[in-house]
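S.K.: The file below is query02.pdb, PDB, C-alpha atoms, pLDDT in the B column:
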```
ATOM      1  CA  MET N   1      21.822  -2.169  22.275  1.00 57.00           C
ATOM      2  CA  THR N   2      24.086  -4.864  20.894  1.00 66.00           C
ATOM      3  CA  SER N   3      24.060  -5.689  17.209  1.00 67.00           C
ATOM      4  CA  LEU N   4      22.523  -9.098  18.019  1.00 61.00           C
ATOM      5  CA  LYS N   5      19.631  -7.446  19.826  1.00 65.00           C
ATOM      6  CA  LYS N   6      19.221  -4.878  17.041  1.00 64.00           C
ATOM      7  CA  THR N   7      19.126  -7.574  14.392  1.00 61.00           C
ATOM      8  CA  LEU N   8      16.742  -9.705  16.446  1.00 55.00           C
ATOM      9  CA  ALA N   9      14.452  -6.683  16.873  1.00 61.00           C
ATOM     10  CA  LEU N  10      14.635  -6.138  13.100  1.00 55.00           C
ATOM     11  CA  VAL N  11      13.760  -9.796  12.427  1.00 55.00           C
ATOM     12  CA  ILE N  12      10.706  -9.508  14.639  1.00 65.00           C
ATOM     13  CA  ALA N  13       9.575  -6.008  13.624  1.00 60.00           C
ATOM     14  CA  LEU N  14      10.191  -6.174   9.864  1.00 57.00           C
ATOM     15  CA  PRO N  15       7.536  -8.792   9.037  1.00 59.00           C
ATOM     16  CA  LEU N  16       4.992  -6.968  11.153  1.00 56.00           C
ATOM     17  CA  ALA N  17       5.702  -3.678   9.426  1.00 56.00           C
ATOM     18  CA  LEU N  18       5.772  -5.204   5.958  1.00 53.00           C
ATOM     19  CA  GLY N  19       2.633  -7.226   6.621  1.00 55.00           C
ATOM     20  CA  SER N  20       0.780  -4.098   7.729  1.00 52.00           C
ATOM     21  CA  ALA N  21       2.013  -2.085   4.775  1.00 49.00           C
ATOM     22  CA  SER N  22       1.148  -4.931   2.446  1.00 48.00           C
ATOM     23  CA  ALA N  23      -2.364  -5.198   3.850  1.00 51.00           C
ATOM     24  CA  LEU N  24      -2.876  -1.475   3.423  1.00 50.00           C
ATOM     25  CA  ALA N  25      -1.444  -1.509  -0.074  1.00 48.00           C
ATOM     26  CA  TYR N  26      -3.927  -4.218  -1.041  1.00 47.00           C
ATOM     27  CA  GLY N  27      -6.881  -2.264   0.338  1.00 49.00           C
ATOM     28  CA  GLY N  28      -6.757  -3.355   3.962  1.00 49.00           C
ATOM     29  CA  GLY N  29      -7.286  -1.075   6.903  1.00 48.00           C
ATOM     30  CA  LYS N  30     -10.373   0.933   7.717  1.00 47.00           C
ATOM     31  CA  HIS N  31     -13.129   1.204   5.174  1.00 45.00           C
ATOM     32  CA  HIS N  32     -15.449   4.149   5.479  1.00 43.00           C
ATOM     33  CA  LYS N  33     -19.058   3.896   4.393  1.00 43.00           C
ATOM     34  CA  ASP N  34     -18.706   7.173   2.548  1.00 42.00           C
ATOM     35  CA  GLY N  35     -15.903   5.852   0.324  1.00 44.00           C
ATOM     36  CA  GLY N  36     -13.099   7.216   2.479  1.00 44.00           C
ATOM     37  CA  LYS N  37     -14.194  10.803   1.873  1.00 44.00           C
ATOM     38  CA  HIS N  38     -13.433  11.835   5.440  1.00 48.00           C
ATOM     39  CA  GLY N  39     -10.404   9.631   5.967  1.00 53.00           C
ATOM     40  CA  CYS N  40      -6.749  10.498   5.611  1.00 65.00           C
ATOM     41  CA  GLY N  41      -5.995   7.507   3.402  1.00 59.00           C
ATOM     42  CA  MET N  42      -5.100   7.460  -0.241  1.00 54.00           C
ATOM     43  CA  GLN N  43      -8.623   6.657  -1.461  1.00 59.00           C
ATOM     44  CA  ASP N  44      -8.674   8.099  -4.986  1.00 66.00           C
ATOM     45  CA  ARG N  45     -12.158   6.963  -5.957  1.00 69.00           C
ATOM     46  CA  SER N  46     -13.959   9.773  -4.161  1.00 73.00           C
ATOM     47  CA  MET N  47     -11.657  12.330  -5.735  1.00 78.00           C
ATOM     48  CA  PHE N  48     -12.178  10.841  -9.187  1.00 80.00           C
ATOM     49  CA  ARG N  49     -15.926  11.178  -8.689  1.00 80.00           C
ATOM     50  CA  ALA N  50     -15.460  14.911  -8.154  1.00 82.00           C
ATOM     51  CA  LEU N  51     -13.675  15.301 -11.499  1.00 86.00           C
ATOM     52  CA  ASP N  52     -16.736  14.960 -13.757  1.00 84.00           C
ATOM     53  CA  LEU N  53     -15.268  12.127 -15.793  1.00 90.00           C
ATOM     54  CA  THR N  54     -16.772  11.376 -19.169  1.00 91.00           C
ATOM     55  CA  ASP N  55     -18.479   8.020 -19.667  1.00 93.00           C
ATOM     56  CA  ALA N  56     -15.469   6.850 -21.692  1.00 94.00           C
ATOM     57  CA  GLN N  57     -13.112   7.843 -18.865  1.00 92.00           C
ATOM     58  CA  LYS N  58     -15.318   6.075 -16.308  1.00 91.00           C
ATOM     59  CA  ASP N  59     -15.248   2.930 -18.442  1.00 93.00           C
ATOM     60  CA  GLU N  60     -11.444   3.079 -18.730  1.00 93.00           C
ATOM     61  CA  MET N  61     -11.119   3.543 -14.964  1.00 90.00           C
ATOM     62  CA  LYS N  62     -13.458   0.625 -14.349  1.00 91.00           C
ATOM     63  CA  THR N  63     -11.460  -1.578 -16.728  1.00 92.00           C
ATOM     64  CA  LEU N  64      -8.184  -0.664 -14.989  1.00 90.00           C
ATOM     65  CA  ARG N  65      -9.637  -1.341 -11.540  1.00 89.00           C
ATOM     66  CA  GLN N  66     -11.056  -4.670 -12.668  1.00 90.00           C
ATOM     67  CA  ALA N  67      -7.733  -5.740 -14.191  1.00 88.00           C
ATOM     68  CA  ASN N  68      -5.950  -4.747 -10.977  1.00 86.00           C
ATOM     69  CA  ARG N  69      -8.506  -6.615  -8.847  1.00 86.00           C
ATOM     70  CA  GLU N  70      -8.054  -9.767 -10.938  1.00 82.00           C
ATOM     71  CA  ALA N  71      -4.259  -9.488 -10.730  1.00 82.00           C
ATOM     72  CA  MET N  72      -4.434  -9.073  -6.954  1.00 81.00           C
ATOM     73  CA  HIS N  73      -6.709 -12.092  -6.566  1.00 80.00           C
ATOM     74  CA  SER N  74      -4.497 -14.293  -8.732  1.00 76.00           C
ATOM     75  CA  ASP N  75      -1.435 -13.097  -6.820  1.00 77.00           C
ATOM     76  CA  LYS N  76      -3.025 -13.515  -3.385  1.00 80.00           C
ATOM     77  CA  ALA N  77      -2.290 -17.246  -3.026  1.00 76.00           C
ATOM     78  CA  ASN N  78       1.338 -16.794  -4.098  1.00 80.00           C
ATOM     79  CA  HIS N  79       1.744 -13.851  -1.733  1.00 81.00           C
ATOM     80  CA  ARG N  80       0.225 -15.755   1.193  1.00 84.00           C
ATOM     81  CA  SER N  81       2.420 -18.806   0.611  1.00 85.00           C
ATOM     82  CA  ALA N  82       5.544 -16.619   0.344  1.00 85.00           C
ATOM     83  CA  MET N  83       4.631 -14.864   3.601  1.00 86.00           C
ATOM     84  CA  GLN N  84       4.160 -18.227   5.353  1.00 89.00           C
ATOM     85  CA  THR N  85       7.502 -19.482   4.059  1.00 90.00           C
ATOM     86  CA  GLN N  86       9.234 -16.297   5.188  1.00 90.00           C
ATOM     87  CA  HIS N  87       7.591 -16.537   8.601  1.00 90.00           C
ATOM     88  CA  GLN N  88       8.834 -20.110   8.978  1.00 92.00           C
ATOM     89  CA  LYS N  89      12.355 -19.060   7.982  1.00 91.00           C
ATOM     90  CA  MET N  90      12.174 -16.233  10.493  1.00 90.00           C
ATOM     91  CA  GLN N  91      11.140 -18.627  13.238  1.00 92.00           C
ATOM     92  CA  GLN N  92      13.979 -20.982  12.355  1.00 91.00           C
ATOM     93  CA  LEU N  93      16.487 -18.129  12.478  1.00 91.00           C
ATOM     94  CA  VAL N  94      15.200 -16.852  15.802  1.00 90.00           C
ATOM     95  CA  LEU N  95      15.150 -20.304  17.378  1.00 91.00           C
ATOM     96  CA  ALA N  96      18.528 -21.400  16.004  1.00 91.00           C
ATOM     97  CA  ASP N  97      21.353 -22.078  18.456  1.00 92.00           C
ATOM     98  CA  ASN N  98      23.601 -19.550  16.713  1.00 92.00           C
ATOM     99  CA  PHE N  99      22.488 -16.282  15.173  1.00 91.00           C
ATOM    100  CA  ASP N 100      23.097 -16.187  11.400  1.00 91.00           C
ATOM    101  CA  GLU N 101      23.192 -12.504  10.538  1.00 92.00           C
ATOM    102  CA  ALA N 102      23.838 -13.158   6.845  1.00 93.00           C
ATOM    103  CA  ALA N 103      20.701 -15.320   6.597  1.00 92.00           C
ATOM    104  CA  VAL N 104      18.659 -12.707   8.474  1.00 92.00           C
ATOM    105  CA  ARG N 105      19.879  -9.975   6.154  1.00 93.00           C
ATOM    106  CA  GLU N 106      19.072 -12.093   3.095  1.00 93.00           C
ATOM    107  CA  LEU N 107      15.552 -12.793   4.366  1.00 91.00           C
ATOM    108  CA  ALA N 108      15.007  -9.125   5.236  1.00 91.00           C
ATOM    109  CA  LYS N 109      16.241  -8.102   1.767  1.00 93.00           C
ATOM    110  CA  THR N 110      13.914 -10.598   0.080  1.00 91.00           C
ATOM    111  CA  MET N 111      10.964  -9.315   2.086  1.00 89.00           C
ATOM    112  CA  SER N 112      11.865  -5.697   1.322  1.00 92.00           C
ATOM    113  CA  ASP N 113      12.236  -6.437  -2.387  1.00 92.00           C
ATOM    114  CA  GLN N 114       8.782  -8.027  -2.461  1.00 89.00           C
ATOM    115  CA  GLN N 115       7.282  -4.985  -0.738  1.00 90.00           C
ATOM    116  CA  ILE N 116       9.002  -2.729  -3.259  1.00 93.00           C
ATOM    117  CA  ASP N 117       7.563  -4.798  -6.121  1.00 90.00           C
ATOM    118  CA  ARG N 118       4.050  -4.430  -4.686  1.00 87.00           C
ATOM    119  CA  ARG N 119       4.522  -0.673  -4.247  1.00 92.00           C
ATOM    120  CA  VAL N 120       5.799  -0.290  -7.827  1.00 94.00           C
ATOM    121  CA  ALA N 121       2.774  -2.207  -9.151  1.00 89.00           C
ATOM    122  CA  MET N 122       0.425   0.009  -7.150  1.00 88.00           C
ATOM    123  CA  LEU N 123       2.052   3.217  -8.414  1.00 92.00           C
ATOM    124  CA  LYS N 124       2.084   1.860 -11.959  1.00 92.00           C
ATOM    125  CA  GLN N 125      -1.685   1.397 -11.765  1.00 90.00           C
ATOM    126  CA  ARG N 126      -2.146   4.868 -10.293  1.00 89.00           C
ATOM    127  CA  HIS N 127      -0.038   6.318 -13.104  1.00 93.00           C
ATOM    128  CA  ALA N 128      -2.192   4.536 -15.688  1.00 92.00           C
ATOM    129  CA  MET N 129      -5.302   6.020 -14.062  1.00 90.00           C
ATOM    130  CA  MET N 130      -3.808   9.513 -14.176  1.00 91.00           C
ATOM    131  CA  GLN N 131      -3.127   9.113 -17.894  1.00 93.00           C
ATOM    132  CA  ILE N 132      -6.880   8.859 -18.480  1.00 93.00           C
ATOM    133  CA  LEU N 133      -7.417  12.368 -17.107  1.00 93.00           C
ATOM    134  CA  THR N 134      -7.265  15.562 -19.131  1.00 93.00           C
ATOM    135  CA  PRO N 135      -4.697  18.200 -18.098  1.00 94.00           C
ATOM    136  CA  GLU N 136      -7.504  20.222 -16.480  1.00 93.00           C
ATOM    137  CA  GLN N 137      -8.707  17.186 -14.520  1.00 92.00           C
ATOM    138  CA  LYS N 138      -5.144  16.474 -13.372  1.00 92.00           C
ATOM    139  CA  THR N 139      -4.885  20.027 -12.057  1.00 92.00           C
ATOM    140  CA  GLN N 140      -8.242  19.693 -10.308  1.00 91.00           C
ATOM    141  CA  TYR N 141      -7.134  16.343  -8.862  1.00 90.00           C
ATOM    142  CA  GLN N 142      -3.979  17.928  -7.456  1.00 90.00           C
ATOM    143  CA  THR N 143      -6.068  20.694  -5.874  1.00 91.00           C
ATOM    144  CA  LEU N 144      -8.442  18.167  -4.306  1.00 89.00           C
ATOM    145  CA  GLN N 145      -5.517  16.130  -3.044  1.00 89.00           C
ATOM    146  CA  ALA N 146      -3.896  19.197  -1.473  1.00 90.00           C
ATOM    147  CA  GLU N 147      -7.196  20.073   0.231  1.00 89.00           C
ATOM    148  CA  ARG N 148      -7.494  16.527   1.559  1.00 88.00           C
ATOM    149  CA  MET N 149      -3.954  16.652   2.928  1.00 89.00           C
ATOM    150  CA  GLU N 150      -4.682  19.959   4.691  1.00 90.00           C
ATOM    151  CA  LYS N 151      -7.790  18.443   6.301  1.00 88.00           C
ATOM    152  CA  CYS N 152      -5.843  15.353   7.273  1.00 88.00           C
ATOM    153  CA  GLN N 153      -3.056  17.377   8.845  1.00 89.00           C
ATOM    154  CA  ALA N 154      -5.619  19.455  10.736  1.00 89.00           C
ATOM    155  CA  LYS N 155      -7.270  16.257  12.040  1.00 87.00           C
ATOM    156  CA  MET N 156      -3.921  14.849  13.100  1.00 88.00           C
ATOM    157  CA  ALA N 157      -3.002  18.084  14.864  1.00 88.00           C
ATOM    158  CA  GLU N 158      -6.384  18.083  16.622  1.00 86.00           C
ATOM    159  CA  LYS N 159      -5.917  14.446  17.654  1.00 83.00           C
ATOM    160  CA  HIS N 160      -2.473  15.142  19.098  1.00 84.00           C
ATOM    161  CA  ALA N 161      -3.707  18.254  20.883  1.00 82.00           C
ATOM    162  CA  ASN N 162      -6.261  16.189  22.840  1.00 71.00           C
TER     163      ASN N 162
END
```
Would you mind writing the structure in this file as structure tokens?

M.R.:
Amino acid sequence: MTSLKKTLALVIALPLALGSASALAYGGGKHHKDGGKHGCGMQDRSMFRALDLTDAQKDEMKTLRQANREAMHSDKANHRSAMQTQHQKMQQLVLADNFDEAAVRELAKTMSDQQIDRRVAMLKQRHAMMQILTPEQKTQYQTLQAERMEKCQAKMAEKHAN
């Protein structure tokens, strides 16, 4: 594959991949009626419920979630407008008479940086939630998470076996 074709494939595939990851990072994807208990996703709420949190811990968790929800809603319009602008730039680059690899790389870097920023914010919130837990609860959380991963891997193996 020539470098032009590789870069063109990257220009087309990158926004799709980042858009999907972004949607999942902001709570998109499948929602299970049972709170994601049987899914393979990163739904922490069901695991937190199993930790016997104190009322004070539950209140702190609720406050953190609410603050995150408000931040996401206020950021949503900016994120959407940035995505539209990037999509337009992508279209211009793809439809241009001459391929501008430097411009494509700059756009791809900008999009990647924005995805990194969203991922850092998500992990920062998760870290704050973990700081509410006692050492014993953190250990129990890690055990529950390991069990969930084992179940998930078993489901994936079963799916691929069929």

S.K.: I'd like the interatomic distance between CA of Ala71 in chain N and CA of Ala121 in chain N, to a tenth of an Å.

M.R.: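 That distance, rounded to one decimal, is 10.2 Å.
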
S.K.: Within 10 Å of Met61 in chain N, counting all atoms listed in the file, which residues qualify if same-chain residues fewer than 6 places away don't, as a count of residues only?

M.R.: 10

S.K.: What is the distance, in Å and to one decimal place, between CA of Val104 in chain N and CA of Met72 in chain N?

M.R.: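 Atom-to-atom, CA of Val104 in chain N and CA of Met72 in chain N are spaced 28.0 Å apart.
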
S.K.: Within 12 Å of Asp52 in chain N, counting only C-alpha atoms, which residues show up once you throw out same-chain ones fewer than 2 positions away? Write them as a PDB file with C-alpha atoms, in the frame of the given file, please.

M.R.:
```
ATOM      1  CA  SER N  46     -13.959   9.773  -4.161  1.00 73.00           C
ATOM      2  CA  MET N  47     -11.657  12.330  -5.735  1.00 78.00           C
ATOM      3  CA  PHE N  48     -12.178  10.841  -9.187  1.00 80.00           C
ATOM      4  CA  ARG N  49     -15.926  11.178  -8.689  1.00 80.00           C
ATOM      5  CA  ALA N  50     -15.460  14.911  -8.154  1.00 82.00           C
ATOM      6  CA  THR N  54     -16.772  11.376 -19.169  1.00 91.00           C
ATOM      7  CA  ASP N  55     -18.479   8.020 -19.667  1.00 93.00           C
ATOM      8  CA  ALA N  56     -15.469   6.850 -21.692  1.00 94.00           C
ATOM      9  CA  GLN N  57     -13.112   7.843 -18.865  1.00 92.00           C
ATOM     10  CA  LYS N  58     -15.318   6.075 -16.308  1.00 91.00           C
ATOM     11  CA  LEU N 133      -7.417  12.368 -17.107  1.00 93.00           C
ATOM     12  CA  THR N 134      -7.265  15.562 -19.131  1.00 93.00           C
ATOM     13  CA  GLU N 136      -7.504  20.222 -16.480  1.00 93.00           C
ATOM     14  CA  GLN N 137      -8.707  17.186 -14.520  1.00 92.00           C
ATOM     15  CA  LYS N 138      -5.144  16.474 -13.372  1.00 92.00           C
ATOM     16  CA  GLN N 140      -8.242  19.693 -10.308  1.00 91.00           C
ATOM     17  CA  TYR N 141      -7.134  16.343  -8.862  1.00 90.00           C
TER      18      TYR N 141
END
```

S.K.: For the provided coordinates, the residues matched by the PyMOL selection byres ((chain N and resi 74-89) around 9) should be stated as an MDAnalysis selection string.

M.R.: chainID N and resid 15 19 69:73 90:94 104 107 110:111

S.K.: Enter the distance from CA of Gln115 in chain N to CA of Glu60 in chain N, in Å, rounded to one decimal.

M.R.: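 Taking CA of Gln115 in chain N as the start and CA of Glu60 in chain N as the end point, the length is 27.2 Å.
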